[in-house]
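Trainee: First, the structure itself, so that you have it in front of you.
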Amino acid sequence: MATPAPVFTFNDLKDILVKRIRLPESQIKNEPSMSFEALGLDSLALVELQLEVQQRYGFTIPDEDVRNITTIGQAIDYTNRRLQKAE
């Protein structure tokens with residue numbers, strides 16, 4: 001029996017934003033439409049987020065995809081789609 005693919009949740013994203021990007025936990029809300037720009041993430045922070053997700057979940061995120069991911073909800077949906085494909 002196959003092991004189900006891992007699921008990337010808001011809490012996983014929040015963990016990365018707090019521990020790797022060093023955003024204050026109180027600033028990160030579970031609002032899918034919240035943009036990374038509204039959180040104050042610059043291009044370097046987005047690269048850090050990209051690298052952390054790649055390291056944790058073992059797949060590559062093309063730079064073109066990163067440019068199209070602008071909100072919390074998009075990041076979670078994208079990561080889960082990639083995790084499903086990796087099965």
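Letters A, B, ... go to the chains of the structure tokens in the order shown; residues in each chain start at 1; ligands are counted from 1 in the same order.
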Name all residues at most 9 Å from Lys29 in chain A (count only C-alpha atoms; drop same-chain ones fewer than 4 positions away) and give them as an MDAnalysis selection string.
Mentor: chainID A and resid 14 25 34
Trainee: Just write the chosen residues, N, CA and C atoms, as an mmCIF file, in the first residue's frame.
Mentor:
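Saved to out.cif:
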```
data_model
loop_
_atom_site.group_PDB
_atom_site.id
_atom_site.type_symbol
_atom_site.label_atom_id
_atom_site.label_comp_id
_atom_site.auth_asym_id
_atom_site.auth_seq_id
_atom_site.Cartn_x
_atom_site.Cartn_y
_atom_site.Cartn_z
ATOM 1 N N LYS A 14 3.773 28.905 7.503
ATOM 2 C CA LYS A 14 4.017 29.823 8.612
ATOM 3 C C LYS A 14 5.322 29.470 9.321
ATOM 4 N N GLU A 25 5.535 36.009 14.082
ATOM 5 C CA GLU A 25 4.412 35.073 13.963
ATOM 6 C C GLU A 25 3.069 35.795 13.919
ATOM 7 N N MET A 34 -3.743 36.850 1.177
ATOM 8 C CA MET A 34 -2.690 37.758 1.648
ATOM 9 C C MET A 34 -1.453 37.596 0.776
#
```
Trainee: Which residues, written as a list in words, have at least one atom at most 12 Å from Ile28 in chain A, with only C-alpha atoms counted and residues fewer than 2 positions away on the same chain left out?
Mentor: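 Near Ile28 in chain A, the qualifying residues are Phe10, Asn11, Asp12, Leu13, Lys14, Asp15, Ile16, Leu17, Val18, Ile21, Arg22, Leu23, Pro24, Glu25, Ser26, Asn30, Glu31, Pro32, Ser33, Met34, Ser35, Phe36, Ala38, Leu39, Gly40, Leu41, Thr71 and Ile72 of chain A.
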Trainee: Any chance you can output those residues with N, CA and C atoms as a PDB file, in the first residue's frame?
Mentor:
```
ATOM      1  N   PHE A  10      -1.037  25.605   5.822  1.00  0.00           N
ATOM      2  CA  PHE A  10      -0.733  26.970   6.249  1.00  0.00           C
ATOM      3  C   PHE A  10       0.311  26.944   7.360  1.00  0.00           C
ATOM      4  N   ASN A  11       0.185  26.023   8.303  1.00  0.00           N
ATOM      5  CA  ASN A  11       1.135  25.959   9.414  1.00  0.00           C
ATOM      6  C   ASN A  11       2.552  25.640   8.944  1.00  0.00           C
ATOM      7  N   ASP A  12       2.672  24.822   7.882  1.00  0.00           N
ATOM      8  CA  ASP A  12       3.997  24.542   7.319  1.00  0.00           C
ATOM      9  C   ASP A  12       4.604  25.816   6.739  1.00  0.00           C
ATOM     10  N   LEU A  13       3.795  26.556   5.992  1.00  0.00           N
ATOM     11  CA  LEU A  13       4.266  27.806   5.405  1.00  0.00           C
ATOM     12  C   LEU A  13       4.621  28.814   6.499  1.00  0.00           C
ATOM     13  N   LYS A  14       3.773  28.905   7.503  1.00  0.00           N
ATOM     14  CA  LYS A  14       4.017  29.823   8.612  1.00  0.00           C
ATOM     15  C   LYS A  14       5.322  29.470   9.321  1.00  0.00           C
ATOM     16  N   ASP A  15       5.575  28.195   9.503  1.00  0.00           N
ATOM     17  CA  ASP A  15       6.806  27.730  10.147  1.00  0.00           C
ATOM     18  C   ASP A  15       8.034  28.220   9.372  1.00  0.00           C
ATOM     19  N   ILE A  16       7.982  28.118   8.054  1.00  0.00           N
ATOM     20  CA  ILE A  16       9.097  28.587   7.225  1.00  0.00           C
ATOM     21  C   ILE A  16       9.243  30.102   7.330  1.00  0.00           C
ATOM     22  N   LEU A  17       8.114  30.804   7.264  1.00  0.00           N
ATOM     23  CA  LEU A  17       8.168  32.270   7.320  1.00  0.00           C
ATOM     24  C   LEU A  17       8.721  32.768   8.651  1.00  0.00           C
ATOM     25  N   VAL A  18       8.408  32.062   9.731  1.00  0.00           N
ATOM     26  CA  VAL A  18       8.893  32.473  11.063  1.00  0.00           C
ATOM     27  C   VAL A  18      10.354  32.057  11.259  1.00  0.00           C
ATOM     28  N   ILE A  21      12.566  32.982   7.376  1.00  0.00           N
ATOM     29  CA  ILE A  21      12.473  34.359   6.906  1.00  0.00           C
ATOM     30  C   ILE A  21      12.492  35.332   8.086  1.00  0.00           C
ATOM     31  N   ARG A  22      12.171  34.803   9.272  1.00  0.00           N
ATOM     32  CA  ARG A  22      12.162  35.582  10.517  1.00  0.00           C
ATOM     33  C   ARG A  22      11.075  36.653  10.569  1.00  0.00           C
ATOM     34  N   LEU A  23       9.918  36.323  10.004  1.00  0.00           N
ATOM     35  CA  LEU A  23       8.761  37.207  10.143  1.00  0.00           C
ATOM     36  C   LEU A  23       8.164  36.998  11.525  1.00  0.00           C
ATOM     37  N   PRO A  24       7.630  38.047  12.134  1.00  0.00           N
ATOM     38  CA  PRO A  24       6.944  37.863  13.417  1.00  0.00           C
ATOM     39  C   PRO A  24       5.701  36.981  13.207  1.00  0.00           C
ATOM     40  N   GLU A  25       5.535  36.009  14.082  1.00  0.00           N
ATOM     41  CA  GLU A  25       4.412  35.073  13.963  1.00  0.00           C
ATOM     42  C   GLU A  25       3.069  35.795  13.919  1.00  0.00           C
ATOM     43  N   SER A  26       2.936  36.864  14.685  1.00  0.00           N
ATOM     44  CA  SER A  26       1.665  37.603  14.758  1.00  0.00           C
ATOM     45  C   SER A  26       1.316  38.294  13.436  1.00  0.00           C
ATOM     46  N   ASN A  30      -3.827  33.424   8.504  1.00  0.00           N
ATOM     47  CA  ASN A  30      -4.312  32.363   7.623  1.00  0.00           C
ATOM     48  C   ASN A  30      -5.355  32.946   6.675  1.00  0.00           C
ATOM     49  N   GLU A  31      -4.888  33.784   5.787  1.00  0.00           N
ATOM     50  CA  GLU A  31      -5.726  34.429   4.781  1.00  0.00           C
ATOM     51  C   GLU A  31      -5.121  34.116   3.423  1.00  0.00           C
ATOM     52  N   PRO A  32      -5.733  33.182   2.664  1.00  0.00           N
ATOM     53  CA  PRO A  32      -5.152  32.753   1.397  1.00  0.00           C
ATOM     54  C   PRO A  32      -4.847  33.890   0.426  1.00  0.00           C
ATOM     55  N   SER A  33      -5.611  34.981   0.488  1.00  0.00           N
ATOM     56  CA  SER A  33      -5.399  36.072  -0.462  1.00  0.00           C
ATOM     57  C   SER A  33      -4.304  37.042  -0.023  1.00  0.00           C
ATOM     58  N   MET A  34      -3.743  36.850   1.177  1.00  0.00           N
ATOM     59  CA  MET A  34      -2.690  37.758   1.648  1.00  0.00           C
ATOM     60  C   MET A  34      -1.453  37.596   0.776  1.00  0.00           C
ATOM     61  N   SER A  35      -0.962  38.710   0.260  1.00  0.00           N
ATOM     62  CA  SER A  35       0.201  38.653  -0.624  1.00  0.00           C
ATOM     63  C   SER A  35       1.495  38.653   0.184  1.00  0.00           C
ATOM     64  N   PHE A  36       2.509  38.078  -0.435  1.00  0.00           N
ATOM     65  CA  PHE A  36       3.828  38.103   0.187  1.00  0.00           C
ATOM     66  C   PHE A  36       4.336  39.543   0.266  1.00  0.00           C
ATOM     67  N   ALA A  38       2.470  42.144   0.874  1.00  0.00           N
ATOM     68  CA  ALA A  38       1.834  42.732   2.054  1.00  0.00           C
ATOM     69  C   ALA A  38       2.547  42.306   3.338  1.00  0.00           C
ATOM     70  N   LEU A  39       3.154  41.132   3.312  1.00  0.00           N
ATOM     71  CA  LEU A  39       3.913  40.653   4.472  1.00  0.00           C
ATOM     72  C   LEU A  39       5.305  41.287   4.539  1.00  0.00           C
ATOM     73  N   GLY A  40       5.658  42.030   3.497  1.00  0.00           N
ATOM     74  CA  GLY A  40       6.952  42.695   3.480  1.00  0.00           C
ATOM     75  C   GLY A  40       8.083  41.842   2.935  1.00  0.00           C
ATOM     76  N   LEU A  41       7.758  40.753   2.231  1.00  0.00           N
ATOM     77  CA  LEU A  41       8.803  39.902   1.678  1.00  0.00           C
ATOM     78  C   LEU A  41       9.386  40.532   0.420  1.00  0.00           C
ATOM     79  N   THR A  71       0.649  34.946  -3.397  1.00  0.00           N
ATOM     80  CA  THR A  71      -0.142  34.932  -2.164  1.00  0.00           C
ATOM     81  C   THR A  71       0.107  33.656  -1.365  1.00  0.00           C
ATOM     82  N   ILE A  72      -0.319  33.697  -0.118  1.00  0.00           N
ATOM     83  CA  ILE A  72      -0.219  32.531   0.759  1.00  0.00           C
ATOM     84  C   ILE A  72      -0.978  31.343   0.159  1.00  0.00           C
TER      85      ILE A  72
END
```
Trainee: May I have the residues within 8 Å of Glu52 in chain A as a list in words, using only C-alpha atoms and disregarding those fewer than 3 positions away in the same chain?
Mentor: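 The filter keeps Ile16, Arg20, Glu48, Leu49, Gln55 and Arg56 of chain A.
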Trainee: Which value, in Å to one decimal, gives the distance between CA of Leu44 in chain A and CA of Arg81 in chain A?
Mentor: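 According to the coordinates, CA of Leu44 in chain A and CA of Arg81 in chain A are separated by 24.0 Å.
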Trainee: Residues of range 4-65 of chain A classed as helix (DSSP H, G or I) by DSSP on the backbone are to be reported as JSON, numbers by chain.
Mentor: {"A": [10, 11, 12, 13, 14, 15, 16, 17, 18, 19, 25, 26, 27, 43, 44, 45, 46, 47, 48, 49, 50, 51, 52, 53, 54, 55, 56, 57, 63, 64, 65]}
Trainee: To one decimal place in Å, what is the distance between CA of Leu46 in chain A and CA of Pro4 in chain A?
Mentor: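 Distance reported for this atom pair: 28.1 Å.
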Trainee: Could you give me, as a PyMOL selection string, the residues within 12 Å of Glu64 in chain A, counting only C-alpha atoms and dropping anything in the same chain fewer than 6 positions from it?
Mentor: chain A and resi 47+50+70
Trainee: Taking into account only C-alpha atoms, which residue in the set A:Ala5, A:Gln27, A:Asp42, A:Lys19 is nearest to Arg82 in chain A?
Mentor: A:Ala5
Trainee: Rank A:Ala45, A:Phe8, A:Leu51, A:Asp63 by their smallest atom-to-atom distance to Thr79 in chain A, using only C-alpha atoms, and report the top residue only.
Mentor: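 Answer, going by the shortest atom-to-atom distance: A:Phe8.
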Trainee: Rounded to one decimal place, report the CA of Asn80 in chain A-CA of Val7 in chain A distance in Å.
Mentor: 6.0 Å
